[in-house]
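Pasted below: query00.txt, compact mmCIF, C-alpha atoms.
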```txt
# COMPACT_ATOMS: atom_id res chain seq x y z
CA MET P 1 11.03 -9.31 17.45
CA SER P 2 12.07 -5.84 18.46
CA GLU P 3 15.50 -5.63 16.83
CA THR P 4 16.18 -5.11 13.14
CA PRO P 5 17.33 -8.49 11.79
CA GLU P 6 20.67 -9.12 10.15
CA PHE P 7 20.26 -10.97 6.87
CA PRO P 8 23.20 -12.69 5.15
CA GLU P 9 24.76 -10.46 2.51
CA ALA P 10 23.62 -11.00 -1.08
CA THR P 11 26.20 -12.93 -3.03
CA GLY P 12 25.64 -11.11 -6.29
CA ARG P 13 24.56 -12.84 -9.47
CA ILE P 14 24.77 -16.63 -9.23
CA GLU P 15 25.60 -18.27 -12.53
CA PRO P 16 23.30 -21.20 -13.41
CA SER P 17 24.99 -24.45 -12.40
CA GLY P 18 22.20 -27.02 -12.72
CA ASP P 19 22.06 -27.42 -8.95
CA ARG P 20 19.70 -24.53 -8.34
CA GLU P 21 22.08 -22.71 -6.06
CA GLN P 22 19.44 -20.01 -5.61
CA ALA P 23 17.13 -22.56 -3.97
CA VAL P 24 19.87 -23.39 -1.47
CA ARG P 25 20.40 -19.69 -0.86
CA ALA P 26 16.65 -19.22 -0.33
CA ALA P 27 16.60 -21.96 2.29
CA GLU P 28 19.50 -20.27 4.12
CA LEU P 29 17.74 -16.92 4.08
CA ASP P 30 14.46 -18.42 5.29
CA ALA P 31 16.25 -20.20 8.12
CA ALA P 32 17.78 -16.86 9.21
CA ASP P 33 14.51 -14.93 8.92
CA PRO P 34 13.16 -13.77 12.31
CA LEU P 35 9.76 -13.12 10.71
CA ALA P 36 9.42 -16.62 9.25
CA ALA P 37 6.97 -17.79 11.93
CA VAL P 38 4.64 -14.84 11.20
CA ARG P 39 3.75 -16.54 7.91
CA GLU P 40 1.69 -19.04 9.93
CA ARG P 41 -0.69 -16.22 10.88
CA PHE P 42 -2.05 -16.17 7.31
CA VAL P 43 -4.14 -18.50 5.14
CA LEU P 44 -1.75 -19.82 2.50
CA ASP P 45 -3.23 -23.18 1.53
CA PRO P 46 -2.08 -25.27 -1.44
CA ALA P 47 -3.95 -24.51 -4.62
CA PRO P 48 -6.28 -27.46 -5.36
CA ASP P 49 -5.42 -27.51 -9.06
CA HIS P 50 -1.67 -27.49 -8.49
CA ALA P 51 -0.22 -30.87 -9.45
CA SER P 52 2.74 -30.56 -7.11
CA GLY P 53 0.65 -29.64 -4.12
CA ASP P 54 2.89 -26.61 -3.54
CA THR P 55 1.37 -23.48 -2.12
CA ASP P 56 0.86 -20.81 -4.76
CA VAL P 57 3.51 -18.11 -4.71
CA TYR P 58 1.42 -15.05 -3.95
CA LEU P 59 3.20 -11.86 -4.97
CA ASP P 60 0.16 -9.62 -5.34
CA GLY P 61 -0.14 -8.34 -1.78
CA ASN P 62 0.46 -4.84 -3.16
CA SER P 63 -3.05 -5.17 -4.64
CA LEU P 64 -4.84 -7.43 -2.14
CA GLY P 65 -3.29 -8.83 1.01
CA VAL P 66 -3.72 -12.42 2.18
CA LEU P 67 -6.40 -13.39 4.72
CA PRO P 68 -5.07 -13.43 8.31
CA ARG P 69 -6.20 -16.55 10.16
CA GLY P 70 -7.98 -14.77 12.99
CA VAL P 71 -10.38 -12.79 10.80
CA ALA P 72 -12.95 -15.49 9.99
CA ASP P 73 -13.63 -16.41 13.62
CA ARG P 74 -13.81 -12.75 14.64
CA ILE P 75 -16.33 -11.89 11.94
CA ALA P 76 -18.38 -14.99 12.74
CA ASP P 77 -18.62 -13.74 16.34
CA VAL P 78 -19.53 -10.23 15.19
CA ILE P 79 -22.34 -11.61 13.03
CA THR P 80 -23.74 -14.27 15.34
CA ARG P 81 -23.29 -12.62 18.76
CA GLU P 82 -22.70 -8.88 18.42
CA TRP P 83 -25.18 -8.34 15.57
CA GLY P 84 -27.26 -11.48 15.96
CA ARG P 85 -27.93 -11.32 19.72
CA LEU P 86 -26.81 -7.97 21.10
CA ARG P 87 -28.01 -6.08 18.07
CA ILE P 88 -28.11 -2.31 18.65
CA ARG P 89 -26.58 -2.73 22.12
CA SER P 90 -23.29 -3.52 20.38
CA TRP P 91 -22.74 0.13 19.47
CA ASN P 92 -21.84 0.59 23.14
CA GLU P 93 -21.31 -2.88 24.62
CA SER P 94 -19.15 -4.18 21.75
CA GLY P 95 -17.31 -0.93 21.05
CA TRP P 96 -18.74 -0.34 17.59
CA TRP P 97 -19.07 3.40 18.07
CA THR P 98 -15.40 3.96 18.86
CA ALA P 99 -14.06 1.57 16.22
CA PRO P 100 -12.91 4.23 13.67
CA GLU P 101 -10.50 5.96 16.04
CA ARG P 102 -9.60 2.79 18.00
CA ILE P 103 -8.50 1.01 14.83
CA GLY P 104 -6.82 4.22 13.68
CA ASP P 105 -4.67 4.05 16.79
CA LYS P 106 -3.67 0.48 15.82
CA ILE P 107 -2.57 1.62 12.36
CA ALA P 108 -0.81 4.72 13.69
CA PRO P 109 2.47 3.03 14.82
CA LEU P 110 2.85 1.44 11.39
CA ILE P 111 2.90 4.86 9.74
CA GLY P 112 4.79 6.73 12.44
CA ALA P 113 1.85 8.53 14.02
CA GLY P 114 0.89 9.08 17.63
CA PRO P 115 -2.51 8.28 19.14
CA GLY P 116 -5.44 10.43 18.10
CA ARG P 117 -4.09 11.29 14.65
CA VAL P 118 -5.65 8.55 12.47
CA VAL P 119 -9.30 7.74 11.86
CA VAL P 120 -10.51 4.76 9.80
CA GLY P 121 -13.54 4.85 7.53
CA ASP P 122 -14.72 5.52 3.98
CA SER P 123 -12.71 4.66 0.85
CA THR P 124 -9.28 5.96 -0.15
CA SER P 125 -10.92 8.15 -2.78
CA VAL P 126 -13.28 9.75 -0.26
CA ASN P 127 -10.40 10.39 2.14
CA ILE P 128 -8.31 11.97 -0.62
CA PHE P 129 -11.22 14.28 -1.32
CA LYS P 130 -11.47 15.20 2.37
CA ALA P 131 -7.71 15.78 2.62
CA VAL P 132 -7.37 17.89 -0.53
CA ILE P 133 -10.40 20.11 0.06
CA GLY P 134 -9.59 20.35 3.77
CA GLY P 135 -6.00 21.23 2.90
CA VAL P 136 -7.01 23.95 0.45
CA ARG P 137 -9.26 25.47 3.12
CA MET P 138 -6.28 25.64 5.50
CA ALA P 139 -3.89 27.07 2.89
CA GLY P 140 -2.89 30.68 2.88
CA LYS P 141 -4.76 33.36 0.99
CA GLY P 142 -3.66 33.96 -2.58
CA CYS P 143 -3.02 30.30 -3.40
CA THR P 144 -3.95 29.48 -6.96
CA GLU P 145 -2.79 25.92 -7.57
CA ILE P 146 -2.59 22.33 -6.38
CA LEU P 147 0.45 20.28 -7.37
CA VAL P 148 -0.25 16.66 -8.24
CA ASP P 149 2.29 13.87 -8.56
CA ALA P 150 2.56 13.43 -12.34
CA THR P 151 3.08 9.67 -11.90
CA THR P 152 0.13 9.29 -9.55
CA PHE P 153 -2.48 6.55 -9.45
CA PRO P 154 -5.22 7.96 -11.72
CA THR P 155 -7.89 8.35 -9.02
CA ASP P 156 -5.73 10.81 -7.10
CA GLY P 157 -5.52 12.99 -10.19
CA TYR P 158 -9.24 12.75 -10.88
CA ILE P 159 -10.11 13.84 -7.35
CA ALA P 160 -7.51 16.61 -7.27
CA ARG P 161 -8.94 18.07 -10.48
CA SER P 162 -12.48 17.87 -9.14
CA ALA P 163 -11.36 19.52 -5.89
CA ALA P 164 -9.62 22.24 -7.88
CA ARG P 165 -12.77 22.98 -9.88
CA MET P 166 -14.76 23.23 -6.65
CA THR P 167 -12.29 25.59 -5.00
CA GLY P 168 -11.35 27.71 -8.02
CA LEU P 169 -7.74 26.52 -8.17
CA ALA P 170 -5.69 25.04 -10.99
CA VAL P 171 -3.99 21.64 -11.00
CA ARG P 172 -0.38 21.34 -12.10
CA PRO P 173 1.15 17.86 -12.56
CA VAL P 174 4.79 17.69 -11.45
CA GLU P 175 7.22 14.79 -11.26
CA PRO P 176 7.86 14.07 -7.56
CA ALA P 177 11.58 14.71 -7.90
CA ARG P 178 10.79 18.19 -9.28
CA ILE P 179 8.32 19.31 -6.60
CA ALA P 180 10.98 21.03 -4.48
CA ASP P 181 11.92 23.15 -7.51
CA GLU P 182 8.37 23.76 -8.76
CA VAL P 183 6.53 24.73 -5.57
CA THR P 184 5.82 28.45 -5.21
CA GLU P 185 4.07 30.79 -2.79
CA ARG P 186 0.93 30.28 -4.90
CA THR P 187 0.85 26.54 -4.16
CA ALA P 188 -1.81 25.46 -1.66
CA LEU P 189 -0.65 21.86 -1.36
CA ALA P 190 0.87 18.92 -3.17
CA LEU P 191 -0.73 15.49 -3.38
CA VAL P 192 2.04 12.90 -3.74
CA ASN P 193 2.23 9.10 -3.77
CA HIS P 194 4.81 7.75 -1.34
CA VAL P 195 5.50 4.79 -3.65
CA ASP P 196 4.90 4.82 -7.42
CA TYR P 197 2.34 2.07 -8.06
CA ARG P 198 3.83 1.15 -11.46
CA THR P 199 7.56 1.15 -10.80
CA GLY P 200 7.82 0.66 -7.03
CA ARG P 201 9.92 3.81 -6.70
CA LEU P 202 9.91 5.32 -3.20
CA ASN P 203 9.56 9.09 -3.24
CA ASP P 204 11.36 11.41 -0.82
CA LEU P 205 8.69 12.08 1.81
CA PRO P 206 10.95 14.01 4.23
CA GLY P 207 12.58 16.15 1.54
CA ILE P 208 9.41 16.93 -0.41
CA THR P 209 7.47 17.72 2.77
CA HIS P 210 10.21 20.09 3.93
CA ALA P 211 10.33 21.84 0.55
CA LEU P 212 6.56 22.33 0.54
CA HIS P 213 6.58 23.75 4.05
CA SER P 214 9.44 26.11 3.16
CA ALA P 215 7.20 27.59 0.46
CA GLY P 216 4.18 27.77 2.78
CA ALA P 217 2.36 24.83 1.16
CA LEU P 218 0.87 21.72 2.77
CA ALA P 219 1.95 18.13 2.13
CA VAL P 220 -0.72 15.49 1.44
CA TRP P 221 0.64 11.96 1.03
CA ASP P 222 -0.97 8.84 -0.43
CA LEU P 223 0.44 5.87 1.51
CA CYS P 224 -1.41 3.06 -0.27
CA HIS P 225 1.78 1.34 -1.45
CA SER P 226 3.96 2.04 1.58
CA ALA P 227 1.92 1.60 4.78
CA GLY P 228 2.72 -1.79 6.24
CA ALA P 229 5.76 -2.25 4.01
CA LEU P 230 8.21 0.36 5.28
CA PRO P 231 8.59 3.09 7.92
CA VAL P 232 6.73 6.28 6.99
CA GLY P 233 7.38 8.70 9.88
CA LEU P 234 4.38 11.02 9.49
CA ASP P 235 4.84 12.75 12.84
CA ALA P 236 8.62 12.90 12.64
CA HIS P 237 8.54 14.56 9.22
CA HIS P 238 5.65 16.91 10.07
CA VAL P 239 3.37 15.64 7.30
CA ASP P 240 0.11 17.60 7.24
CA LEU P 241 -2.39 15.10 5.87
CA ALA P 242 -2.14 11.53 4.65
CA VAL P 243 -4.47 8.83 3.38
CA GLY P 244 -4.09 5.15 2.70
CA CYS P 245 -5.94 1.95 2.02
CA THR P 246 -5.87 -1.10 4.29
CA TYR P 247 -6.39 -3.98 1.86
CA LYS P 248 -2.81 -4.15 0.56
CA TYR P 249 0.06 -4.61 3.03
CA LEU P 250 -2.30 -4.24 6.02
CA ASN P 251 -4.37 -7.24 4.83
CA GLY P 252 -7.75 -5.80 5.78
CA GLY P 253 -9.67 -7.56 2.99
CA PRO P 254 -11.25 -6.50 -0.32
CA GLY P 255 -12.78 -3.06 -0.04
CA ALA P 256 -11.56 -2.63 3.54
CA PRO P 257 -11.99 0.94 4.82
CA ALA P 258 -9.25 3.48 4.31
CA TYR P 259 -7.84 5.95 6.84
CA LEU P 260 -7.15 9.64 7.19
CA TYR P 261 -4.23 11.16 9.11
CA ILE P 262 -4.40 14.78 10.25
CA ARG P 263 -1.38 16.36 11.94
CA GLU P 264 -2.30 17.10 15.54
CA SER P 265 -1.55 20.81 15.29
CA LEU P 266 -3.90 21.13 12.30
CA GLN P 267 -6.87 19.20 13.62
CA GLU P 268 -8.74 22.17 15.06
CA ARG P 269 -8.35 24.00 11.72
CA PHE P 270 -9.43 21.05 9.58
CA GLU P 271 -12.79 21.72 7.96
CA SER P 272 -14.14 18.59 6.29
CA PRO P 273 -15.93 19.01 2.96
CA LEU P 274 -18.17 16.12 4.07
CA PRO P 275 -19.55 17.16 7.46
CA GLY P 276 -21.58 14.18 8.62
CA TRP P 277 -23.47 13.42 11.80
CA ASN P 278 -20.67 11.09 12.94
CA SER P 279 -18.22 14.00 13.07
CA HIS P 280 -20.60 16.34 14.90
CA ALA P 281 -19.64 17.46 18.39
CA GLU P 282 -23.06 16.24 19.60
CA PRO P 283 -24.04 13.53 17.10
CA PHE P 284 -27.24 12.51 18.89
CA ALA P 285 -28.45 16.05 19.46
CA MET P 286 -29.61 16.07 15.83
CA ASP P 287 -28.83 19.77 15.66
CA PRO P 288 -29.54 21.25 12.21
CA SER P 289 -26.42 23.41 12.54
CA TYR P 290 -23.07 21.69 12.27
CA GLU P 291 -20.46 21.90 15.02
CA PRO P 292 -17.39 19.71 14.36
CA ALA P 293 -16.10 17.37 17.04
CA ASP P 294 -12.68 17.95 18.53
CA GLY P 295 -9.57 16.28 17.21
CA ILE P 296 -9.43 13.40 14.77
CA LEU P 297 -13.16 12.69 15.16
CA ARG P 298 -13.86 15.47 12.69
CA GLY P 299 -12.45 13.20 10.00
CA ARG P 300 -15.47 10.87 10.38
CA VAL P 301 -18.52 11.28 8.14
CA GLY P 302 -21.37 8.77 8.36
CA THR P 303 -22.25 5.55 10.15
CA PRO P 304 -19.14 3.31 10.30
CA ASP P 305 -18.98 0.17 8.16
CA ILE P 306 -18.78 -2.15 11.15
CA LEU P 307 -18.28 -5.53 9.46
CA SER P 308 -15.35 -4.28 7.38
CA LEU P 309 -13.92 -2.26 10.26
CA LEU P 310 -13.90 -5.20 12.65
CA ALA P 311 -12.44 -7.52 10.00
CA LEU P 312 -9.61 -5.00 9.63
CA GLU P 313 -9.15 -4.80 13.39
CA ALA P 314 -8.77 -8.58 13.55
CA ALA P 315 -6.38 -8.54 10.59
CA LEU P 316 -4.12 -6.05 12.36
CA GLU P 317 -3.53 -8.62 15.11
CA ALA P 318 -1.14 -10.30 12.66
CA TRP P 319 1.22 -7.40 13.47
CA ASP P 320 1.45 -8.28 17.16
CA GLY P 321 5.12 -8.25 18.20
CA VAL P 322 6.31 -7.11 14.75
CA ALA P 323 8.21 -3.86 14.24
CA ILE P 324 7.95 -2.02 10.94
CA GLU P 325 11.77 -1.78 10.88
CA GLU P 326 11.96 -5.59 10.75
CA VAL P 327 9.50 -5.61 7.89
CA ARG P 328 11.56 -3.08 5.95
CA ALA P 329 14.77 -5.08 6.44
CA LYS P 330 13.12 -8.24 5.12
CA SER P 331 11.44 -6.37 2.26
CA LEU P 332 14.77 -5.10 0.97
CA ALA P 333 16.38 -8.52 1.40
CA LEU P 334 13.49 -10.20 -0.48
CA THR P 335 13.53 -7.78 -3.39
CA ASP P 336 17.35 -7.92 -3.62
CA PHE P 337 17.20 -11.70 -3.71
CA PHE P 338 14.39 -11.78 -6.27
CA LEU P 339 16.33 -9.47 -8.61
CA GLU P 340 19.40 -11.67 -8.10
CA CYS P 341 17.36 -14.73 -9.07
CA VAL P 342 15.84 -12.96 -12.09
CA ALA P 343 19.36 -12.15 -13.30
CA ALA P 344 20.31 -15.82 -12.93
CA TYR P 345 17.19 -17.47 -14.37
CA VAL P 346 15.81 -15.12 -17.04
CA PRO P 347 17.58 -15.06 -20.43
CA PRO P 348 19.48 -11.77 -20.88
CA GLY P 349 17.61 -8.88 -22.43
CA ARG P 350 14.11 -10.22 -21.90
CA VAL P 351 13.14 -7.95 -19.01
CA ARG P 352 14.53 -4.87 -17.34
CA SER P 353 13.82 -3.68 -13.84
CA LEU P 354 11.89 -0.43 -13.43
CA THR P 355 12.38 -0.62 -9.67
CA PRO P 356 15.38 1.31 -8.34
CA SER P 357 18.36 -0.77 -7.26
CA ASP P 358 19.17 1.81 -4.56
CA HIS P 359 17.40 0.87 -1.32
CA GLN P 360 16.78 4.55 -0.58
CA TRP P 361 14.35 4.73 -3.51
CA ARG P 362 12.75 1.27 -3.41
CA GLY P 363 9.33 0.34 -2.06
CA SER P 364 8.31 -3.29 -1.54
CA GLN P 365 7.61 -4.41 -5.09
CA VAL P 366 9.63 -5.24 -8.16
CA SER P 367 8.35 -4.07 -11.53
CA LEU P 368 9.84 -5.64 -14.64
CA ALA P 369 9.28 -4.32 -18.15
CA CYS P 370 9.17 -6.88 -20.95
CA SER P 371 11.71 -6.30 -23.70
CA PRO P 372 10.49 -4.35 -26.74
CA LYS P 373 12.07 -7.10 -28.85
CA LEU P 374 9.55 -9.57 -27.45
CA ALA P 375 6.62 -7.16 -27.70
CA ALA P 376 7.31 -5.60 -31.12
CA ASP P 377 4.59 -5.43 -33.77
CA ARG P 378 1.88 -6.94 -31.57
CA GLN P 379 -1.46 -5.53 -32.75
CA GLY P 380 -4.56 -5.77 -30.53
CA GLY P 381 -5.40 -8.52 -28.08
CA THR P 382 -3.69 -8.96 -24.73
CA PRO P 383 -0.26 -7.27 -24.53
CA LEU P 384 2.67 -9.63 -24.26
CA ALA P 385 3.29 -8.79 -20.60
CA GLY P 386 -0.35 -9.61 -19.88
CA GLU P 387 0.06 -13.02 -21.54
CA VAL P 388 3.24 -13.64 -19.56
CA MET P 389 1.46 -12.86 -16.30
CA ASP P 390 -1.49 -15.09 -17.26
CA GLU P 391 0.94 -17.96 -17.80
CA LEU P 392 2.74 -17.27 -14.53
CA ILE P 393 -0.58 -17.40 -12.69
CA ARG P 394 -1.49 -20.63 -14.48
CA ARG P 395 1.75 -22.09 -13.13
CA GLY P 396 1.04 -20.91 -9.59
CA VAL P 397 2.97 -17.62 -9.44
CA VAL P 398 0.53 -14.78 -8.79
CA GLY P 399 1.59 -11.24 -9.58
CA ASP P 400 -0.11 -8.67 -11.76
CA PHE P 401 0.25 -6.73 -14.99
CA ARG P 402 0.05 -3.02 -15.77
CA HIS P 403 -0.23 -1.60 -19.29
CA PRO P 404 1.59 -1.63 -21.51
CA ASP P 405 4.49 -3.89 -20.56
CA VAL P 406 4.91 -4.08 -16.76
CA LEU P 407 4.99 -7.23 -14.64
CA ARG P 408 4.52 -6.34 -10.96
CA PHE P 409 5.59 -8.54 -8.06
CA GLY P 410 4.66 -7.38 -4.57
CA PHE P 411 6.63 -8.65 -1.57
CA THR P 412 4.75 -8.71 1.74
CA PRO P 413 7.36 -9.60 4.38
CA LEU P 414 4.84 -10.91 6.91
CA TYR P 415 4.09 -13.93 4.71
CA THR P 416 6.39 -13.91 1.66
CA SER P 417 9.36 -16.28 1.93
CA PHE P 418 12.68 -16.33 0.13
CA ALA P 419 11.64 -19.69 -1.33
CA ASP P 420 8.65 -17.87 -2.85
CA ALA P 421 10.99 -15.34 -4.45
CA GLU P 422 13.25 -18.05 -5.86
CA ARG P 423 10.39 -20.07 -7.31
CA ALA P 424 8.76 -16.99 -8.85
CA ALA P 425 11.98 -16.01 -10.63
CA ARG P 426 12.56 -19.58 -11.78
CA VAL P 427 9.08 -19.89 -13.30
CA LEU P 428 9.44 -16.44 -14.87
CA GLY P 429 12.67 -17.62 -16.49
CA GLU P 430 10.91 -20.72 -17.85
CA VAL P 431 8.06 -18.67 -19.31
CA LEU P 432 10.24 -15.96 -20.85
CA GLY P 433 12.79 -18.47 -22.06
CA ALA P 434 10.11 -20.22 -24.12
CA LEU P 435 9.17 -17.06 -26.02
CA PRO P 436 10.61 -16.42 -29.46
CA ASP P 437 12.60 -13.29 -30.11
CA VAL P 438 10.44 -11.29 -32.54
CA GLU P 439 13.44 -10.00 -34.47
CA SER P 440 15.06 -13.39 -35.01
CA GLY P 441 12.01 -15.65 -34.72
CA ALA P 442 14.07 -18.01 -32.59
CA ALA P 443 13.31 -19.13 -29.06
CA GLY P 444 15.73 -17.76 -26.50
```

Written as structure tokens, how would this file's structure read?
Amino acid sequence: MSETPEFPEATGRIEPSGDREQAVRAAELDAADPLAAVRERFVLDPAPDHASGDTDVYLDGNSLGVLPRGVADRIADVITREWGRLRIRSWNESGWWTAPERIGDKIAPLIGAGPGRVVVGDSTSVNIFKAVIGGVRMAGKGCTEILVDATTFPTDGYIARSAARMTGLAVRPVEPARIADEVTERTALALVNHVDYRTGRLNDLPGITHALHSAGALAVWDLCHSAGALPVGLDAHHVDLAVGCTYKYLNGGPGAPAYLYIRESLQERFESPLPGWNSHAEPFAMDPSYEPADGILRGRVGTPDILSLLALEAALEAWDGVAIEEVRAKSLALTDFFLECVAAYVPPGRVRSLTPSDHQWRGSQVSLACSPKLAADRQGGTPLAGEVMDELIRRGVVGDFRHPDVLRFGFTPLYTSFADAERAARVLGEVLGALPDVESGAAG
């Protein structure tokens, strides 16, 4: 699976004919998919309450990835043998102590990083805090501000503001597309999401990083919605610091540990705001004075969360033999096809896509906004889009909803099929087609 696959060209909008031409098209695309067999590496069992016996269409991997098949047996062995019998010996004999950087090296190729540049541990929020404070400490003298992606996931903004208060800087929200114009010599760094969690828009990592560096600022990227879905190229684009979670497209499980990337040339300058014994140069010396370890190890803090770490390590085996370029090709083909099916199945005017049609700016999700005509004058209770998503889930199509009107569908190429995309769009059309138009009171 080393070559980027060639998918059949999209045929454009298919007019409804009664024969479900999209289903035929989906079967053709699945038959041509070189990643189709990878789906068998995941637990995708039929839902017990589904009358048809069909497997649920799971399009929420951008929130929580599916369980890889090898994880349960691996964790059972960790619990019964490594913890149950070897006990404390497992820190050495089972490789527990080196797990954070060993698993970091497994994630590294998926985000375009070389060995020794990624360490796994702690939550995304904690790693953002480390990256922002550490970045400010490496910034040039005279810096007075931190730029924050104005469309960011809220936690990033919360932490950036807290970090700014602690370091005496100001926070300035800026739309990602405006960062190149807004950065100044007073900017310490910018914290930017690679993919907008609401719309699925892919931001310009190479261009923004270059613009920040040209002004003397550092680039800190949040990869939560891009790692495992598309090539990132951290080393190639000279990104300074990056963080990401592992429970979305990397399928590490609920609450799986996050990771921190530090550019190799910056590692000896990186001063963590959370200096823990695990990042000490001599962790077992129990020295009251802190001396940071060399390299990426200084990104560690406390005792590693071994059960979650080793579940993640087992989950990453699902990537064996898979290139991120293949994943990107299928992601774009899946989202193109889903939008094609939405255009064919959903009555006109009921939703509009917030996700860019241009591949250059698209992540691996499709976000659809419900029409204001359908949502008008609704007071209190669950927003219309929330009710639509509840009904989709009841019918076996699992996506998610974001206030006030956004339906999100995440496409994880390792296990999402074109048949999944077709069925999801068809059920969406059924649900939206049954809703009355608020202005006319008539069903569409």

Proximity of segment 162-248 of chain P to segment 137-152 of chain P: per-residue shortest pair, 12 Å limit, only C-alpha atoms, as a Markdown table:
```
| residue | atom | partner | partner_atom | distance |
| --- | --- | --- | --- | --- |
| P:Ser162 | CA | P:Ile146 | CA | 11.2 |
| P:Ala163 | CA | P:Ile146 | CA | 9.2 |
| P:Ala164 | CA | P:Ile146 | CA | 7.2 |
| P:Arg165 | CA | P:Glu145 | CA | 10.7 |
| P:Met166 | CA | P:Arg137 | CA | 11.4 |
| P:Thr167 | CA | P:Arg137 | CA | 8.7 |
| P:Gly168 | CA | P:Thr144 | CA | 7.7 |
| P:Leu169 | CA | P:Thr144 | CA | 5.0 |
| P:Ala170 | CA | P:Glu145 | CA | 4.6 |
| P:Val171 | CA | P:Ile146 | CA | 4.9 |
| P:Arg172 | CA | P:Leu147 | CA | 4.9 |
| P:Pro173 | CA | P:Ala150 | CA | 4.7 |
| P:Val174 | CA | P:Ala150 | CA | 4.9 |
| P:Glu175 | CA | P:Ala150 | CA | 5.0 |
| P:Pro176 | CA | P:Asp149 | CA | 5.7 |
| P:Ala177 | CA | P:Asp149 | CA | 9.4 |
| P:Arg178 | CA | P:Asp149 | CA | 9.6 |
| P:Ile179 | CA | P:Leu147 | CA | 8.0 |
| P:Ala180 | CA | P:Leu147 | CA | 10.9 |
| P:Asp181 | CA | P:Leu147 | CA | 11.8 |
| P:Glu182 | CA | P:Leu147 | CA | 8.8 |
| P:Val183 | CA | P:Leu147 | CA | 7.7 |
| P:Thr184 | CA | P:Cys143 | CA | 9.2 |
| P:Glu185 | CA | P:Cys143 | CA | 7.1 |
| P:Arg186 | CA | P:Cys143 | CA | 4.2 |
| P:Thr187 | CA | P:Glu145 | CA | 5.0 |
| P:Ala188 | CA | P:Ala139 | CA | 5.3 |
| P:Leu189 | CA | P:Ile146 | CA | 5.4 |
| P:Ala190 | CA | P:Leu147 | CA | 4.4 |
| P:Leu191 | CA | P:Val148 | CA | 5.0 |
| P:Val192 | CA | P:Asp149 | CA | 4.9 |
| P:Asn193 | CA | P:Thr152 | CA | 6.2 |
| P:His194 | CA | P:Thr152 | CA | 9.6 |
| P:Val195 | CA | P:Thr152 | CA | 9.2 |
| P:Asp196 | CA | P:Thr151 | CA | 6.8 |
| P:Tyr197 | CA | P:Thr152 | CA | 7.7 |
| P:Arg198 | CA | P:Thr151 | CA | 8.6 |
| P:Thr199 | CA | P:Thr151 | CA | 9.7 |
| P:Gly200 | CA | P:Thr151 | CA | 11.3 |
| P:Arg201 | CA | P:Thr151 | CA | 10.4 |
| P:Leu202 | CA | P:Thr151 | CA | 11.9 |
| P:Asn203 | CA | P:Asp149 | CA | 10.2 |
| P:Ile208 | CA | P:Asp149 | CA | 11.2 |
| P:Leu212 | CA | P:Leu147 | CA | 10.2 |
| P:His213 | CA | P:Ala139 | CA | 11.0 |
| P:Ala215 | CA | P:Gly140 | CA | 10.8 |
| P:Gly216 | CA | P:Gly140 | CA | 7.6 |
| P:Ala217 | CA | P:Ala139 | CA | 6.9 |
| P:Leu218 | CA | P:Ala139 | CA | 7.2 |
| P:Ala219 | CA | P:Leu147 | CA | 9.9 |
| P:Val220 | CA | P:Val148 | CA | 9.8 |
| P:Trp221 | CA | P:Asp149 | CA | 9.9 |
| P:Asp222 | CA | P:Thr152 | CA | 9.2 |
| P:Leu223 | CA | P:Thr152 | CA | 11.6 |
| P:Cys224 | CA | P:Thr152 | CA | 11.3 |
| P:His225 | CA | P:Thr152 | CA | 11.5 |
| P:Asp240 | CA | P:Met138 | CA | 10.4 |
| P:Leu241 | CA | P:Met138 | CA | 11.2 |
```

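A search radius of 10 Å centred on (6.3, 1.0, 2.1), applied to all atoms listed in the file, returns the residues Asn62, Leu110, Ile111, His194, Val195, Gly200, Arg201, Leu202, Leu223, Cys224, His225, Ser226, Ala227, Gly228, Ala229, Leu230, Pro231, Val232, Tyr249, Ile324, Val327, Arg328, Ser331, Arg362, Gly363, Ser364, Gln365 and Thr412 of chain P.
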
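Each of P:Pro404, P:Gly433, P:Pro115, P:Gly386 was compared to Pro347 of chain P using all atoms listed in the file, and P:Gly433 turns out to be the nearest.
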
Inset, instruction - Give the answer as one residue: which of P:Val388, P:Ile75, P:Ala369, P:Ala32 has the shortest atom-to-atom distance to Leu310 of chain P, using only C-alpha atoms? - result: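 Among P:Val388, P:Ile75, P:Ala369, P:Ala32, it is P:Ile75 that comes nearest to Leu310 of chain P.
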
Legend entry - Selection near Leu59 of chain P, 7 Å with all atoms listed in the file, sequence-local residues under 2 positions removed, as a VMD selection string: chain P and resid 57 61 398 to 399 409 to 411

Selection from above, C-alpha atoms, as a PDB file, keeping the file's coordinate frame, can you write it?
```pdb
ATOM      1  CA  VAL P  57       3.510 -18.110  -4.710  1.00  0.00           C
ATOM      2  CA  GLY P  61      -0.140  -8.340  -1.780  1.00  0.00           C
ATOM      3  CA  VAL P 398       0.530 -14.780  -8.790  1.00  0.00           C
ATOM      4  CA  GLY P 399       1.590 -11.240  -9.580  1.00  0.00           C
ATOM      5  CA  PHE P 409       5.590  -8.540  -8.060  1.00  0.00           C
ATOM      6  CA  GLY P 410       4.660  -7.380  -4.570  1.00  0.00           C
ATOM      7  CA  PHE P 411       6.630  -8.650  -1.570  1.00  0.00           C
TER       8      PHE P 411
END
```

Legend entry - d(atom CA of Gly116 of chain P, atom CA of Leu297 of chain P) in Å: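 Atom-to-atom, atom CA of Gly116 of chain P to atom CA of Leu297 of chain P, that is 8.6 Å.
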
Inset, instruction - Return the single residue from P:Ile103, P:Leu86, P:Cys370, P:Ala108 that is closest to Ala242 of chain P, with distances computed using only C-alpha atoms. - result: P:Ala108

Inset, instruction - Have a look at P:Pro68, P:Pro288, P:Gly121, P:Gly134 and name the one nearest to Thr98 of chain P; count only C-alpha atoms. - result: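 Of all the options, P:Gly121 lies closest to Thr98 of chain P.
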